[in-house]
>>> print(open('target_37.txt').read())   # compact mmCIF, C-alpha atoms and all ligand atoms
# COMPACT_ATOMS: atom_id res chain seq x y z
CA MET A 25 150.94 -16.55 105.04
CA ASN A 26 149.48 -16.97 108.52
CA ASP A 27 151.59 -17.27 111.64
CA ALA A 28 151.16 -21.04 111.90
CA SER A 29 152.75 -21.63 108.51
CA LYS A 30 155.79 -19.44 109.13
CA PRO A 31 158.95 -21.32 110.00
CA ALA A 32 159.79 -20.92 113.69
CA ALA A 33 162.39 -18.22 114.29
CA PRO A 34 165.68 -19.70 115.53
CA ARG A 35 166.44 -18.95 119.18
CA PRO A 36 170.21 -19.30 119.32
CA GLU A 37 170.44 -18.16 122.94
CA ILE A 38 168.64 -21.31 124.13
CA ALA A 39 170.79 -24.40 124.09
CA THR A 40 168.31 -26.94 125.55
CA PRO A 41 164.57 -27.39 125.01
CA ASP A 42 162.10 -24.95 126.56
CA VAL A 43 160.26 -25.76 129.78
CA PRO A 44 156.56 -24.95 129.28
CA MET A 45 154.11 -24.29 132.15
CA PHE A 46 152.04 -27.31 131.17
CA ASP A 47 151.94 -29.94 128.44
CA TYR A 48 148.75 -32.00 128.38
CA ARG A 49 150.20 -34.33 125.70
CA ALA A 50 152.58 -35.83 128.25
CA GLN A 51 149.64 -37.33 130.14
CA LEU A 52 147.78 -38.31 127.00
CA GLN A 53 150.52 -40.54 125.62
CA PRO A 54 150.48 -43.43 128.14
CA LEU A 55 146.66 -43.38 128.47
CA ARG A 56 145.75 -42.76 124.83
CA ALA A 57 144.40 -46.25 124.05
CA GLN A 58 142.28 -46.38 127.22
CA MET A 59 140.90 -42.90 126.62
CA LEU A 60 139.99 -43.58 123.02
CA ALA A 61 138.29 -46.82 124.08
CA ALA A 62 136.33 -44.89 126.73
CA ILE A 63 135.22 -42.29 124.16
CA GLU A 64 134.15 -45.01 121.73
CA ARG A 65 132.18 -46.69 124.51
CA VAL A 66 130.19 -43.48 125.01
CA LEU A 67 129.59 -43.03 121.28
CA ASP A 68 128.38 -46.62 120.97
CA SER A 69 126.17 -46.37 124.06
CA GLY A 70 123.69 -43.97 122.50
CA THR A 71 123.49 -42.07 125.83
CA LEU A 72 125.00 -38.66 125.28
CA ILE A 73 123.57 -36.78 128.28
CA LEU A 74 124.21 -38.01 131.86
CA GLY A 75 123.59 -41.79 132.06
CA ASN A 76 125.88 -44.63 133.16
CA GLU A 77 129.22 -43.02 132.38
CA VAL A 78 128.48 -39.92 134.45
CA GLU A 79 127.00 -41.98 137.28
CA ALA A 80 129.99 -44.35 137.29
CA PHE A 81 132.42 -41.45 137.49
CA GLU A 82 130.36 -39.75 140.20
CA ARG A 83 130.47 -42.94 142.28
CA ALA A 84 134.21 -43.39 141.75
CA PHE A 85 134.93 -39.73 142.56
CA ALA A 86 132.85 -39.88 145.77
CA GLN A 87 134.53 -43.14 146.75
CA ALA A 88 137.96 -41.58 146.23
CA HIS A 89 136.86 -39.06 148.87
CA GLY A 90 135.71 -41.67 151.36
CA GLY A 91 132.04 -41.68 150.29
CA GLY A 92 129.17 -39.23 150.01
CA HIS A 93 127.62 -37.98 146.79
CA ALA A 94 129.28 -36.42 143.75
CA VAL A 95 127.24 -34.46 141.23
CA GLY A 96 128.94 -33.88 137.87
CA VAL A 97 128.43 -30.46 136.32
CA ASN A 98 129.77 -28.45 133.42
CA SER A 99 132.60 -26.56 135.19
CA GLY A 100 134.08 -25.60 138.53
CA THR A 101 132.33 -22.24 138.25
CA ASP A 102 128.97 -23.97 137.85
CA ALA A 103 129.78 -26.28 140.75
CA LEU A 104 130.04 -23.17 142.97
CA VAL A 105 126.88 -21.57 141.52
CA ILE A 106 124.85 -24.74 141.98
CA ALA A 107 126.22 -25.20 145.50
CA PHE A 108 125.12 -21.66 146.43
CA HIS A 109 121.65 -22.30 144.98
CA ALA A 110 121.33 -25.59 146.85
CA LEU A 111 122.20 -23.78 150.09
CA GLY A 112 119.47 -21.20 149.46
CA VAL A 113 121.70 -18.17 148.88
CA GLN A 114 119.56 -15.14 147.98
CA PRO A 115 120.43 -11.89 146.22
CA GLY A 116 122.04 -9.50 148.71
CA ASP A 117 123.40 -12.30 150.93
CA GLU A 118 127.08 -12.03 151.78
CA ILE A 119 129.63 -14.72 150.97
CA LEU A 120 132.93 -14.60 152.80
CA THR A 121 136.04 -15.49 150.82
CA VAL A 122 139.44 -14.15 149.69
CA ALA A 123 140.52 -11.66 147.02
CA ASN A 124 143.59 -13.57 145.74
CA THR A 125 141.49 -16.34 144.19
CA ALA A 126 140.68 -17.05 140.54
CA VAL A 127 137.98 -14.75 139.17
CA PRO A 128 135.44 -17.62 138.79
CA THR A 129 135.07 -17.94 142.58
CA ILE A 130 133.63 -14.44 142.46
CA SER A 131 131.77 -14.87 139.14
CA ALA A 132 129.82 -17.64 140.86
CA ILE A 133 129.02 -15.45 143.88
CA ARG A 134 127.79 -12.69 141.57
CA MET A 135 125.76 -15.12 139.45
CA VAL A 136 123.48 -15.80 142.42
CA GLY A 137 123.29 -12.08 143.21
CA ALA A 138 125.32 -12.38 146.41
CA LEU A 139 128.03 -9.97 147.59
CA PRO A 140 131.64 -11.09 148.07
CA VAL A 141 133.16 -9.99 151.38
CA PHE A 142 136.89 -10.54 151.66
CA VAL A 143 139.24 -11.37 154.48
CA ASP A 144 142.93 -10.87 153.84
CA VAL A 145 145.29 -13.82 153.55
CA ASP A 146 148.25 -15.11 155.52
CA PRO A 147 151.21 -13.84 153.47
CA ARG A 148 153.21 -17.04 154.05
CA THR A 149 150.58 -19.52 152.85
CA ALA A 150 148.44 -17.20 150.63
CA LEU A 151 145.38 -18.74 152.34
CA MET A 152 142.44 -17.11 154.14
CA ASP A 153 143.66 -15.58 157.43
CA LEU A 154 141.31 -17.24 159.90
CA GLY A 155 142.20 -14.62 162.50
CA GLN A 156 140.21 -12.07 160.48
CA VAL A 157 137.06 -14.12 159.95
CA ALA A 158 135.10 -13.23 163.11
CA ALA A 159 135.30 -9.49 162.44
CA ALA A 160 134.07 -9.93 158.85
CA LEU A 161 130.82 -11.75 159.71
CA THR A 162 127.47 -9.95 159.60
CA GLN A 163 123.79 -10.90 159.86
CA ARG A 164 123.82 -11.33 156.08
CA THR A 165 126.73 -13.77 155.90
CA LYS A 166 125.26 -16.92 154.40
CA VAL A 167 128.25 -18.93 153.20
CA ALA A 168 132.03 -18.99 153.68
CA VAL A 169 134.19 -20.16 150.78
CA PRO A 170 137.67 -21.25 151.84
CA VAL A 171 139.76 -21.41 148.67
CA HIS A 172 142.39 -24.16 148.77
CA LEU A 173 144.64 -22.09 146.53
CA TYR A 174 147.55 -23.77 144.69
CA GLY A 175 146.64 -27.11 146.33
CA ASN A 176 147.37 -25.76 149.81
CA MET A 177 144.50 -26.11 152.30
CA VAL A 178 142.65 -23.79 154.63
CA ASP A 179 142.03 -25.40 158.03
CA VAL A 180 138.30 -25.90 157.49
CA ASP A 181 137.83 -27.43 160.96
CA GLN A 182 139.08 -24.21 162.52
CA LEU A 183 136.90 -22.18 160.16
CA ARG A 184 133.85 -24.21 161.14
CA ALA A 185 134.55 -23.56 164.82
CA LEU A 186 134.66 -19.81 164.10
CA LEU A 187 131.28 -19.98 162.33
CA ALA A 188 129.58 -22.22 164.90
CA GLY A 189 125.98 -21.42 165.81
CA ARG A 190 125.50 -18.76 163.12
CA GLY A 191 123.87 -20.87 160.40
CA ILE A 192 126.67 -20.16 157.94
CA ALA A 193 127.42 -22.94 155.46
CA ILE A 194 130.87 -23.80 154.10
CA VAL A 195 131.58 -24.42 150.41
CA GLU A 196 135.18 -25.51 149.85
CA ASP A 197 136.63 -24.23 146.59
CA CYS A 198 138.63 -27.34 145.66
CA ALA A 199 139.31 -26.38 142.04
CA GLN A 200 143.06 -26.47 142.71
CA ALA A 201 143.11 -29.02 145.53
CA GLN A 202 142.45 -32.47 144.10
CA GLY A 203 144.66 -34.88 146.00
CA ALA A 204 145.51 -32.49 148.85
CA SER A 205 144.66 -33.44 152.43
CA LEU A 206 144.49 -31.92 155.89
CA ARG A 207 145.33 -34.15 158.88
CA GLY A 208 144.93 -37.12 156.51
CA ARG A 209 141.44 -36.13 155.26
CA PRO A 210 141.04 -35.21 151.60
CA ALA A 211 140.16 -31.71 150.45
CA GLY A 212 136.45 -31.55 149.77
CA THR A 213 135.34 -33.64 152.75
CA PHE A 214 135.17 -30.84 155.35
CA GLY A 215 132.57 -28.38 154.06
CA ASP A 216 128.81 -28.75 153.53
CA ILE A 217 129.58 -28.88 149.82
CA ALA A 218 132.87 -28.87 147.88
CA ALA A 219 133.24 -27.53 144.35
CA PHE A 220 135.79 -29.15 142.02
CA SER A 221 136.98 -28.11 138.56
CA PHE A 222 138.21 -30.53 135.90
CA TYR A 223 139.62 -27.74 133.74
CA PRO A 224 142.33 -29.43 131.62
CA THR A 225 145.32 -28.13 133.58
CA LYS A 226 143.97 -29.15 137.00
CA ASN A 227 145.44 -32.06 138.99
CA LEU A 228 142.58 -34.14 137.57
CA GLY A 229 141.77 -32.52 134.24
CA ALA A 230 139.24 -33.36 131.53
CA TYR A 231 139.76 -32.71 127.81
CA GLY A 232 137.39 -29.77 127.94
CA ASP A 233 135.31 -28.21 130.71
CA GLY A 234 133.97 -30.17 133.64
CA GLY A 235 133.30 -29.91 137.36
CA ALA A 236 131.64 -31.60 140.31
CA CYS A 237 130.01 -30.90 143.63
CA LEU A 238 130.70 -33.24 146.52
CA THR A 239 128.57 -33.53 149.66
CA ARG A 240 127.83 -36.03 152.40
CA ASP A 241 124.26 -34.77 152.83
CA PRO A 242 121.79 -36.75 150.69
CA ALA A 243 119.18 -33.95 150.76
CA LEU A 244 121.75 -31.44 149.49
CA ALA A 245 122.86 -33.95 146.83
CA GLU A 246 119.29 -34.22 145.58
CA ARG A 247 119.00 -30.43 145.34
CA LEU A 248 122.32 -30.21 143.50
CA ARG A 249 121.15 -32.88 141.00
CA SER A 250 117.85 -31.11 140.48
CA HIS A 251 119.44 -27.70 140.06
CA ARG A 252 121.96 -28.85 137.43
CA MET A 253 119.01 -29.96 135.28
CA TYR A 254 116.38 -27.21 135.07
CA GLY A 255 115.29 -27.75 138.67
CA PHE A 256 113.58 -31.01 137.69
CA ALA A 257 112.05 -33.41 140.18
CA GLY A 258 110.89 -36.14 137.86
CA ALA A 259 110.29 -35.83 134.14
CA TYR A 260 109.46 -32.37 132.80
CA TYR A 261 108.46 -31.06 136.24
CA ALA A 262 110.43 -28.18 137.79
CA GLU A 263 110.49 -28.20 141.57
CA ARG A 264 112.77 -25.17 141.83
CA ASP A 265 114.73 -22.76 139.63
CA GLY A 266 117.48 -24.55 137.79
CA VAL A 267 120.07 -24.39 135.06
CA ASN A 268 121.48 -26.76 132.45
CA SER A 269 124.92 -27.77 133.66
CA ARG A 270 125.73 -31.45 133.28
CA LEU A 271 129.08 -33.20 133.16
CA ASP A 272 129.45 -34.48 129.60
CA PRO A 273 129.59 -38.32 129.44
CA ILE A 274 132.65 -38.25 127.16
CA GLN A 275 134.47 -36.13 129.74
CA ALA A 276 133.18 -38.41 132.54
CA ALA A 277 134.55 -41.47 130.71
CA ILE A 278 137.95 -39.78 130.25
CA LEU A 279 138.01 -38.68 133.88
CA GLY A 280 137.18 -42.26 134.89
CA VAL A 281 140.36 -43.41 133.10
CA LYS A 282 142.45 -40.74 134.78
CA LEU A 283 141.07 -40.84 138.35
CA PRO A 284 142.96 -43.97 139.53
CA HIS A 285 146.24 -42.23 138.59
CA LEU A 286 145.54 -39.09 140.63
CA PRO A 287 147.33 -40.23 143.84
CA THR A 288 150.49 -41.15 141.88
CA TRP A 289 150.40 -37.87 139.96
CA VAL A 290 150.00 -35.85 143.16
CA GLU A 291 152.88 -37.78 144.78
CA ARG A 292 155.03 -36.88 141.78
CA ARG A 293 154.00 -33.21 142.12
CA ARG A 294 155.15 -33.39 145.77
CA THR A 295 158.47 -34.93 144.77
CA LEU A 296 159.11 -32.18 142.23
CA ALA A 297 158.00 -29.48 144.68
CA ALA A 298 160.47 -30.86 147.24
CA LEU A 299 163.17 -30.72 144.55
CA TYR A 300 162.31 -27.06 143.92
CA ASP A 301 162.45 -26.45 147.68
CA ARG A 302 165.95 -27.91 147.80
CA SER A 303 167.23 -26.41 144.54
CA LEU A 304 166.05 -22.81 144.66
CA PRO A 305 168.39 -20.37 146.37
CA LYS A 306 167.50 -19.42 149.95
CA HIS A 307 166.76 -15.78 149.14
CA VAL A 308 163.85 -16.75 146.87
CA GLN A 309 160.76 -16.59 149.03
CA ARG A 310 158.39 -19.58 148.75
CA VAL A 311 154.66 -19.65 149.42
CA VAL A 312 154.64 -22.43 152.01
CA ALA A 313 152.30 -25.32 152.88
CA ALA A 314 149.97 -24.64 155.81
CA ALA A 315 150.31 -26.65 159.04
CA ASP A 316 149.03 -30.25 158.88
CA VAL A 317 148.52 -30.09 155.11
CA ALA A 318 149.73 -32.58 152.52
CA HIS A 319 149.90 -29.99 149.72
CA GLY A 320 148.56 -31.06 146.31
CA TYR A 321 150.96 -28.73 144.43
CA HIS A 322 148.62 -27.80 141.64
CA LEU A 323 151.01 -24.86 141.48
CA TYR A 324 154.47 -24.20 142.90
CA VAL A 325 154.56 -20.51 143.74
CA VAL A 326 157.37 -18.17 144.79
CA ARG A 327 157.32 -14.43 145.51
CA VAL A 328 159.62 -12.17 143.58
CA PRO A 329 159.87 -8.41 143.57
CA GLU A 330 160.42 -7.13 140.01
CA ARG A 331 158.29 -9.98 138.78
CA GLU A 332 157.89 -8.78 135.21
CA ARG A 333 161.64 -8.42 134.71
CA VAL A 334 162.18 -11.87 136.22
CA ARG A 335 159.52 -13.41 133.95
CA ASP A 336 161.05 -11.81 130.86
CA GLU A 337 164.53 -13.01 131.75
CA LEU A 338 163.26 -16.52 132.50
CA ARG A 339 161.45 -16.56 129.15
CA ALA A 340 164.68 -15.61 127.43
CA ARG A 341 166.25 -18.65 129.13
CA GLY A 342 163.48 -20.91 127.80
CA VAL A 343 161.45 -21.10 131.03
CA THR A 344 157.75 -20.28 130.88
CA THR A 345 156.09 -19.16 134.11
CA GLY A 346 152.57 -18.23 135.21
CA VAL A 347 151.01 -15.68 137.55
CA HIS A 348 148.14 -16.81 139.76
CA TYR A 349 146.87 -14.14 140.02
CA PRO A 350 148.06 -10.73 138.90
CA HIS A 351 145.08 -8.69 140.20
CA ALA A 352 143.33 -8.83 143.56
CA ILE A 353 139.60 -9.22 142.95
CA HIS A 354 138.50 -6.08 144.83
CA ARG A 355 140.72 -3.99 142.52
CA MET A 356 139.02 -5.15 139.29
CA ARG A 357 136.64 -2.91 137.37
CA ALA A 358 133.90 -5.55 137.31
CA TYR A 359 133.50 -5.19 141.09
CA ALA A 360 134.17 -1.47 141.44
CA ALA A 361 130.56 -0.70 142.38
CA LEU A 362 130.41 -3.32 145.15
CA PRO A 363 131.15 -2.62 148.83
CA CYS A 364 134.22 -4.92 148.64
CA ALA A 365 135.95 -2.39 146.36
CA ALA A 366 136.54 -0.23 149.44
CA GLN A 367 138.25 -3.02 151.39
CA SER A 368 141.93 -2.79 152.27
CA LEU A 369 143.70 -6.14 151.87
CA PRO A 370 147.43 -5.40 151.92
CA HIS A 371 148.66 -9.00 151.82
CA SER A 372 146.37 -9.99 148.94
CA GLU A 373 147.52 -6.92 147.03
CA ALA A 374 151.23 -7.59 147.69
CA LEU A 375 150.83 -11.20 146.56
CA ALA A 376 149.17 -10.03 143.34
CA ARG A 377 152.30 -7.97 142.63
CA GLU A 378 154.83 -10.68 143.48
CA VAL A 379 153.57 -14.25 142.95
CA LEU A 380 155.21 -16.32 140.26
CA SER A 381 154.26 -19.92 139.41
CA LEU A 382 157.05 -22.21 138.22
CA PRO A 383 156.43 -25.14 135.83
CA LEU A 384 155.21 -28.22 137.71
CA TRP A 385 153.28 -31.17 136.37
CA PRO A 386 153.74 -34.88 136.97
CA GLU A 387 155.56 -35.75 133.75
CA LEU A 388 158.05 -32.89 134.09
CA GLY A 389 161.58 -34.26 134.42
CA GLU A 390 163.84 -33.62 137.40
CA ASP A 391 166.42 -32.14 135.05
CA ALA A 392 163.84 -29.61 133.90
CA VAL A 393 163.12 -28.63 137.52
CA ARG A 394 166.85 -28.18 138.20
CA ARG A 395 167.15 -26.13 135.05
CA VAL A 396 164.27 -23.86 136.12
CA ALA A 397 165.78 -23.51 139.61
CA ASP A 398 169.15 -22.57 138.10
CA ALA A 399 167.51 -20.02 135.83
CA VAL A 400 165.63 -18.52 138.80
CA ALA A 401 168.88 -18.38 140.78
CA ALA A 402 170.53 -16.52 137.90
CA VAL A 403 167.84 -13.85 137.49
CA VAL A 404 166.38 -13.23 140.98
CA ARG A 405 168.54 -10.74 142.83
C1 LIG B 501 140.23 -21.40 142.59
C2 LIG B 501 139.33 -21.68 141.42
N1 LIG B 501 138.00 -21.63 141.59
C3 LIG B 501 137.15 -21.89 140.58
C4 LIG B 501 137.61 -22.22 139.32
C5 LIG B 501 136.63 -22.42 138.21
O1 LIG B 501 136.74 -23.62 137.53
P1 LIG B 501 136.32 -23.75 136.00
O2 LIG B 501 137.38 -23.10 135.18
O3 LIG B 501 136.22 -25.23 135.80
O4 LIG B 501 134.99 -23.08 135.83
C6 LIG B 501 139.00 -22.29 139.10
C7 LIG B 501 139.58 -22.70 137.79
O5 LIG B 501 139.68 -22.00 136.86
C8 LIG B 501 139.88 -22.00 140.17
O6 LIG B 501 141.21 -22.05 140.00
>>> encode(input="target_37.txt", output="structure tokens")
Amino acid sequence: MNDASKPAAPRPEIATPDVPMFDYRAQLQPLRAQMLAAIERVLDSGTLILGNEVEAFERAFAQAHGGGHAVGVNSGTDALVIAFHALGVQPGDEILTVANTAVPTISAIRMVGALPVFVDVDPRTALMDLGQVAAALTQRTKVAVPVHLYGNMVDVDQLRALLAGRGIAIVEDCAQAQGASLRGRPAGTFGDIAAFSFYPTKNLGAYGDGGACLTRDPALAERLRSHRMYGFAGAYYAERDGVNSRLDPIQAAILGVKLPHLPTWVERRRTLAALYDRSLPKHVQRVVAAADVAHGYHLYVVRVPERERVRDELRARGVTTGVHYPHAIHRMRAYAALPCAAQSLPHSEALAREVLSLPLWPELGEDAVRRVADAVAAVVR
């Protein structure tokens, strides 16, 4: 008998249903008919690579960001890799970013042979500490990657001012920031290129992998398009090195159904985040929104000492939590031989020990949020 066929063990200590970290079925239900129709449209079209569906989504996605060019690719990781290629990053170049990000930010840097150089983060916002940027720049710094972690936003205008005159490009890591904005401007419209992920749990998620680059520069857009498809410039002619990383038309069609709902979903995330803010006890430390930011609340994150005990006790009360992320990048074995392994980043390391993500997605009920807040109040000392 395998595990799936065993009857579920009774959990008498839990009186009401569990609160999971995420439930993609909640979003599927109201849009099911439209999504299935979109998938059928692709199957009937006979175009299974790029084509109208991908182009239509790219146009809609760019338009939702006030214009420019979107280039659909296979994942958020590839969006970063292709962005670095388009900007001419060479092996040995340095890319400035933070160590409390998701591993893929760094996988992408390593895939082009570049070296990650970290600045520590502001412990209140968990975002790149811009006060440390100037001291971290060298002759080899080619790109800076502000990571809009959790849906919070780095002040990219300030970052650009710090980089002025040094020929350093900015690639915004917007994987977690769909729907966030800074001084009224959407995430992804500040850098030379922005990289988005449509990983299923993201604010705008596909039903599989997907990603996109966004840029206002038509020449960069052309390079991004060429690089995602073998470096082609015209049929069967490679102008540059390239990869195969194309947004799948079925995913593009699904994303096209979901995109118009993104603003409403992000508003709902904000409403639930505000409810957490009000409901959690004062002694539970929140990671806060940066100044001038309308946070996208991909994740609602608190800091708790004794995190593992707290997680276990919340689980016993039917509340699932996440940790984003439990290890600072420069402390991972994969990067032990790189110069960044010797960096000291006390705030990034402390966050890795203490951050705890509470359940938050648009269809989550307010009762569930109150229940989570009560459970947190009961277990966090
Ligand atoms: C901050 C950040 N950057 C990059 C990525 C990579 O995106 P993907 O999983 O689509 O490759 C993710 C998502 O996992 C992420 O959270």
>>> atom_distance(input="target_37.txt", atom1="atom CA of A:Gly212", atom2="atom CA of A:Pro363")
29.4 Å
>>> residues_near_ligand(input="target_37.txt", ligand="ligand LIG 501 (chain B)", cutoff="6 Å", atoms="only C-alpha atoms and all ligand atoms", output="compact mmCIF listing (two decimals) with C-alpha atoms, in the coordinates of the input")
# COMPACT_ATOMS: atom_id res chain seq x y z
CA SER A 99 132.60 -26.56 135.19
CA GLY A 100 134.08 -25.60 138.53
CA THR A 101 132.33 -22.24 138.25
CA THR A 125 141.49 -16.34 144.19
CA ALA A 126 140.68 -17.05 140.54
CA PRO A 128 135.44 -17.62 138.79
CA THR A 129 135.07 -17.94 142.58
CA LEU A 173 144.64 -22.09 146.53
CA ASP A 197 136.63 -24.23 146.59
CA ALA A 199 139.31 -26.38 142.04
CA GLN A 200 143.06 -26.47 142.71
CA SER A 221 136.98 -28.11 138.56
CA PHE A 222 138.21 -30.53 135.90
CA TYR A 223 139.62 -27.74 133.74
CA ASP A 233 135.31 -28.21 130.71
CA GLY A 234 133.97 -30.17 133.64
CA GLY A 235 133.30 -29.91 137.36
>>> closest_residue(input="target_37.txt", among="A:Ser381, A:Asn176, A:Asn98, A:Thr149", to="A:Leu74", atoms="all atoms listed in the file")
A:Asn98
>>> residues_around(input="target_37.txt", residues="stretch 317-319 of chain A", least_positions_apart="4", cutoff="9 Å", atoms="all atoms listed in the file", output="list in words")
Tyr174, Gly175, Asn176, Met177, Val178, Asp179, Ala201, Gly203, Ala204, Ser205, Leu206, Arg207, Gly208, Val290, Arg294 and Ala313 of chain A
>>> closest_residue(input="target_37.txt", among="A:Ala168, A:Leu154, A:Leu244, A:Val43", to="A:Ala399", atoms="all atoms listed in the file")
A:Val43
>>> closest_residue(input="target_37.txt", among="A:Val127, A:Met135, A:Met356, A:Ala150", to="A:Val267", atoms="only C-alpha atoms")
A:Met135
>>> closest_residue(input="target_37.txt", among="A:Leu299, A:Val334, A:Leu151, A:Leu304", to="A:Leu388", atoms="all atoms listed in the file")
A:Leu299
>>> residues_around(input="target_37.txt", residues="A:Thr162", least_positions_apart="2", cutoff="12 Å", atoms="all atoms listed in the file", output="ChimeraX atom specification")
/A:117-120,141,157-160,164-168,187,190-192
>>> residues_around(input="target_37.txt", residues="A:Thr239", least_positions_apart="6", cutoff="7 Å", atoms="all atoms listed in the file", output="JSON, numbers by chain")
{"A": [92, 93, 94, 216, 217, 218, 245]}
>>> write_last_selection(input="target_37.txt", atoms="C-alpha atoms", output="short mmCIF file (atom, residue, chain, number, x, y, z; two decimals), keeping the file's coordinate frame")
data_model
loop_
_atom_site.label_atom_id
_atom_site.label_comp_id
_atom_site.auth_asym_id
_atom_site.auth_seq_id
_atom_site.Cartn_x
_atom_site.Cartn_y
_atom_site.Cartn_z
CA GLY A 92 129.17 -39.23 150.01
CA HIS A 93 127.62 -37.98 146.79
CA ALA A 94 129.28 -36.42 143.75
CA ASP A 216 128.81 -28.75 153.53
CA ILE A 217 129.58 -28.88 149.82
CA ALA A 218 132.87 -28.87 147.88
CA ALA A 245 122.86 -33.95 146.83
#
>>> closest_residue(input="target_37.txt", among="A:Leu323, A:Ile274, A:Ala107, A:Leu161", to="A:Asp68", atoms="only C-alpha atoms")
A:Ile274
>>> residues_around(input="target_37.txt", residues="A:Ser269", least_positions_apart="2", cutoff="9 Å", atoms="only C-alpha atoms", output="ChimeraX atom specification")
/A:96-99,102-103,106,251-254,267,271
>>> decode(input="target_37.txt", residues="stretch 102-107 of chain A", atoms="all heavy atoms", output="mmCIF file, in the first residue's frame")
data_model
loop_
_atom_site.group_PDB
_atom_site.id
_atom_site.type_symbol
_atom_site.label_atom_id
_atom_site.label_comp_id
_atom_site.auth_asym_id
_atom_site.auth_seq_id
_atom_site.Cartn_x
_atom_site.Cartn_y
_atom_site.Cartn_z
ATOM 1 N N ASP A 102 15.794 31.993 -16.228
ATOM 2 C CA ASP A 102 16.242 32.263 -17.603
ATOM 3 C C ASP A 102 16.102 33.741 -17.942
ATOM 4 O O ASP A 102 16.914 34.285 -18.697
ATOM 5 C CB ASP A 102 15.428 31.435 -18.600
ATOM 6 C CG ASP A 102 15.938 30.001 -18.706
ATOM 7 O OD1 ASP A 102 16.923 29.667 -18.014
ATOM 8 O OD2 ASP A 102 15.346 29.218 -19.470
ATOM 9 N N ALA A 103 15.070 34.381 -17.422
ATOM 10 C CA ALA A 103 14.906 35.816 -17.700
ATOM 11 C C ALA A 103 16.141 36.577 -17.219
ATOM 12 O O ALA A 103 16.641 37.481 -17.904
ATOM 13 C CB ALA A 103 13.649 36.349 -17.017
ATOM 14 N N LEU A 104 16.673 36.195 -16.052
ATOM 15 C CA LEU A 104 17.890 36.843 -15.538
ATOM 16 C C LEU A 104 19.093 36.501 -16.426
ATOM 17 O O LEU A 104 19.875 37.382 -16.808
ATOM 18 C CB LEU A 104 18.163 36.397 -14.095
ATOM 19 C CG LEU A 104 17.216 36.956 -13.026
ATOM 20 C CD1 LEU A 104 17.313 36.155 -11.735
ATOM 21 C CD2 LEU A 104 17.524 38.431 -12.748
ATOM 22 N N VAL A 105 19.247 35.218 -16.754
ATOM 23 C CA VAL A 105 20.393 34.787 -17.576
ATOM 24 C C VAL A 105 20.400 35.540 -18.907
ATOM 25 O O VAL A 105 21.428 36.077 -19.346
ATOM 26 C CB VAL A 105 20.321 33.259 -17.851
ATOM 27 C CG1 VAL A 105 21.367 32.835 -18.876
ATOM 28 C CG2 VAL A 105 20.494 32.470 -16.566
ATOM 29 N N ILE A 106 19.233 35.584 -19.541
ATOM 30 C CA ILE A 106 19.138 36.202 -20.867
ATOM 31 C C ILE A 106 19.359 37.713 -20.762
ATOM 32 O O ILE A 106 19.999 38.320 -21.626
ATOM 33 C CB ILE A 106 17.777 35.801 -21.496
ATOM 34 C CG1 ILE A 106 17.846 34.300 -21.833
ATOM 35 C CG2 ILE A 106 17.451 36.624 -22.730
ATOM 36 C CD1 ILE A 106 16.517 33.672 -22.187
ATOM 37 N N ALA A 107 18.890 38.294 -19.674
ATOM 38 C CA ALA A 107 19.146 39.730 -19.442
ATOM 39 C C ALA A 107 20.655 39.985 -19.332
ATOM 40 O O ALA A 107 21.190 40.927 -19.934
ATOM 41 C CB ALA A 107 18.433 40.193 -18.175
#
